[in-house]
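Chemist: Below is the structure I would like to discuss, written out as structure tokens.
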Amino acid sequence: MLREGELVYLLDEKGRRHWLTLSPGMVKMSGLGVVSGSKLIGMEEGSRISLGGSEFVILRPGARELMESLDRGPQIIMPKDAATIVFKLDLKPGDAVVESGVGSGSLTTALLNAVGEDGLVVSIELREEFAAKAKRNVSRSPFVKAWDLRIGDALDAPVEAEVDAVVLDMPNPWDALPNVATFLRPGGRFCGYVPNSNQVEKLVWALRSSGYVEVEALENLQRQIEVHEGGVRPSFEPMGHTGYMVFARRALPRSPQ
Ligand SMILES: C[S@@+](CC[C@H](N)C(=O)[O-])C[C@H]1O[C@@H](n2cnc3c(N)ncnc32)[C@H](O)[C@@H]1O
């Protein structure tokens, strides 16, 4: 049953999402008029309601919908790439992960969703204004209590915990590798997210020369399939470039013979 204080959205017939936090009394929603919050509290998720002659379905957001609706600052990591990152880093409930920078907090939302309330996401961000934006966006995650946001530089910010994984979405991730070695556990997993192929090359060589193993670079291409009365075909939407991902695992240095 939907409870007071929950963030939900009303899905209209055109697939648009209209957001509201459930509270008793009348709630003004732009484009929809006034909605009775008291009527929605106690309903089952997925219920259909009628407003001004149109039908809406009431739903709780998951990480994907939170990421798609956040207030954007710098370029965000999209759900398609975040899904690959979460799986390739083998993130599971209770894991600890460090990310830098935080930007708008899009990837943070996916990381929190993966590690859950018993996990830990430490986010290191250089710029206070991006940290403040990320704070507003990430506060909507149900797992925000597992989040530790810090202002700092990934090149030298100390992290006290030994963590299972690290994600760097910043222009020069190779420069942060000496610091990463102080908190990424042996066998732990690394991801660098970069938009340009020259950065991929530089990062792959830096990881290899730092002793990382299973170094792998990839791009994730996805296209929507549209189903119409007349047929089924890929969407005409262009497949825009998002970013390259470089994955690796940290190995200990060879011991002297
Ligand atoms: C592309 S944005 C990250 C977007 C984020 N992953 C998301 O999904 O919303 C890159 C961020 O890295 C931060 N940054 C750049 N260099 C940094 C450094 N050395 N240490 C910490 N943050 C850094 C920038 O301020 C910026 O917020």
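Ordering of the structure tokens sets the chain letters (A, B, ...); residue numbers start at 1 within each chain; ligands are numbered from 1 in the order shown.
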Env of Tyr193 of chain A: 12 Å cut, atoms = only C-alpha atoms, seq-sep filter 4 positions within chain, self excluded. Answer as an mmCIF file with C-alpha atoms, in the first residue's frame.
Modeler:
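Below is the file that was written, out-v5.cif:
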data_model
loop_
_atom_site.group_PDB
_atom_site.id
_atom_site.type_symbol
_atom_site.label_atom_id
_atom_site.label_comp_id
_atom_site.auth_asym_id
_atom_site.auth_seq_id
_atom_site.Cartn_x
_atom_site.Cartn_y
_atom_site.Cartn_z
ATOM 1 C CA GLN A 75 27.092 14.879 -18.348
ATOM 2 C CA ILE A 76 25.459 11.970 -16.487
ATOM 3 C CA ILE A 77 25.949 8.205 -16.774
ATOM 4 C CA MET A 78 22.794 6.833 -18.404
ATOM 5 C CA ASP A 81 25.834 2.184 -18.930
ATOM 6 C CA ALA A 82 25.108 2.175 -15.185
ATOM 7 C CA THR A 84 26.750 -2.573 -17.215
ATOM 8 C CA ILE A 85 28.926 -0.928 -14.549
ATOM 9 C CA GLU A 99 33.081 6.755 -6.938
ATOM 10 C CA SER A 100 34.557 10.024 -8.188
ATOM 11 C CA GLY A 101 33.327 12.531 -9.352
ATOM 12 C CA LEU A 107 25.548 6.784 -11.182
ATOM 13 C CA VAL A 166 35.959 1.877 -7.507
ATOM 14 C CA VAL A 167 34.372 3.879 -10.355
ATOM 15 C CA LEU A 168 36.096 6.963 -11.739
ATOM 16 C CA ASP A 169 34.079 9.243 -14.040
ATOM 17 C CA MET A 170 36.519 12.147 -14.365
ATOM 18 C CA PRO A 171 38.821 13.463 -17.098
ATOM 19 C CA ASN A 172 42.127 11.946 -15.840
ATOM 20 C CA PRO A 173 41.358 8.672 -14.004
ATOM 21 C CA TRP A 174 44.922 7.336 -14.584
ATOM 22 C CA SER A 197 39.133 6.928 -27.203
ATOM 23 C CA GLN A 199 41.481 8.487 -22.735
ATOM 24 C CA VAL A 200 40.672 4.768 -23.081
ATOM 25 C CA LEU A 203 43.809 4.431 -18.945
ATOM 26 C CA VAL A 204 44.331 0.879 -20.258
ATOM 27 C CA ALA A 217 37.502 -1.725 -22.613
ATOM 28 C CA LEU A 218 34.031 -1.591 -24.115
ATOM 29 C CA GLU A 219 31.211 0.555 -25.400
ATOM 30 C CA ASN A 220 27.597 -0.329 -24.801
ATOM 31 C CA THR A 242 27.655 8.165 -24.310
ATOM 32 C CA GLY A 243 30.991 6.897 -22.999
ATOM 33 C CA TYR A 244 33.570 4.114 -22.965
ATOM 34 C CA MET A 245 34.028 1.853 -19.967
ATOM 35 C CA VAL A 246 37.346 0.361 -18.907
ATOM 36 C CA PHE A 247 37.160 -2.483 -16.377
#
Chemist: Could you list, as a list in words, every residue within 9 Å of segment 28-42 of chain A, counting only C-alpha atoms and ignoring same-chain residues fewer than 5 positions away?
Modeler: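 Listing them by chain and then by number gives Met1, Leu2, Arg3, Glu4, His18, Trp19, Leu20, Thr21, Leu22, Ser23, Ile49, Leu51, Gly52 and Ile58 of chain A.
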Chemist: Have a look at atom CA of Tyr212 of chain A and atom CA of Phe190 of chain A and let me know their distance in Å, one decimal.
Modeler: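 About the pair atom CA of Tyr212 of chain A and atom CA of Phe190 of chain A: they are 9.0 Å apart.
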Chemist: Could you pull out all residues of segment 59-211 of chain A with a DSSP call of strand (DSSP E or B) and give them as a ChimeraX atom specification?
Modeler: /A:59,96-100,120-125,147-151,163-168,184-194
Chemist: Can you tell me which residues surround Ala181 of chain A at a distance of at most 10 Å, considering only C-alpha atoms, apart from same-chain residues fewer than 6 positions away, and format the answer as a ChimeraX atom specification?
Modeler: /A:162,210,250-252
Chemist: Which is closer to ligand 1 than all the others in A:Ser235, A:Ser255, A:Ser141, A:Ser123, using only C-alpha atoms and all ligand atoms?
Modeler: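 With only C-alpha atoms and all ligand atoms as the atom set, the closest residue is A:Ser123.
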Chemist: Measuring atom to atom with only C-alpha atoms and all ligand atoms, identify which of A:Val86, A:Val194, A:Ile225, A:Ala165 is nearest to ligand 1.
Modeler: A:Val194
Chemist: Return the single residue from A:Lys80, A:Lys92, A:Arg127, A:Arg17 that is closest to ligand 1, with distances computed using only C-alpha atoms and all ligand atoms.
Modeler: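 Of A:Lys80, A:Lys92, A:Arg127, A:Arg17, the one nearest ligand 1 is A:Arg127, counting only C-alpha atoms and all ligand atoms.
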Chemist: Hey, can you check how far atom 2 (S, counted along the ligand's line) of ligand 1 sits from atom CA of Glu201 of chain A?
Modeler: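 Going from atom 2 (S, counted along the ligand's line) of ligand 1 over to atom CA of Glu201 of chain A covers 19.6 Å.
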Chemist: For Gly119 of chain A, please output as a list in words all residues within 8 Å (counting only C-alpha atoms; exclusion window: fewer than 6 positions along the same chain).
Modeler: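 Non-adjacent residues within range: Pro93, Gly94, Asp95, Ala96, Leu112 and Ala146 of chain A.
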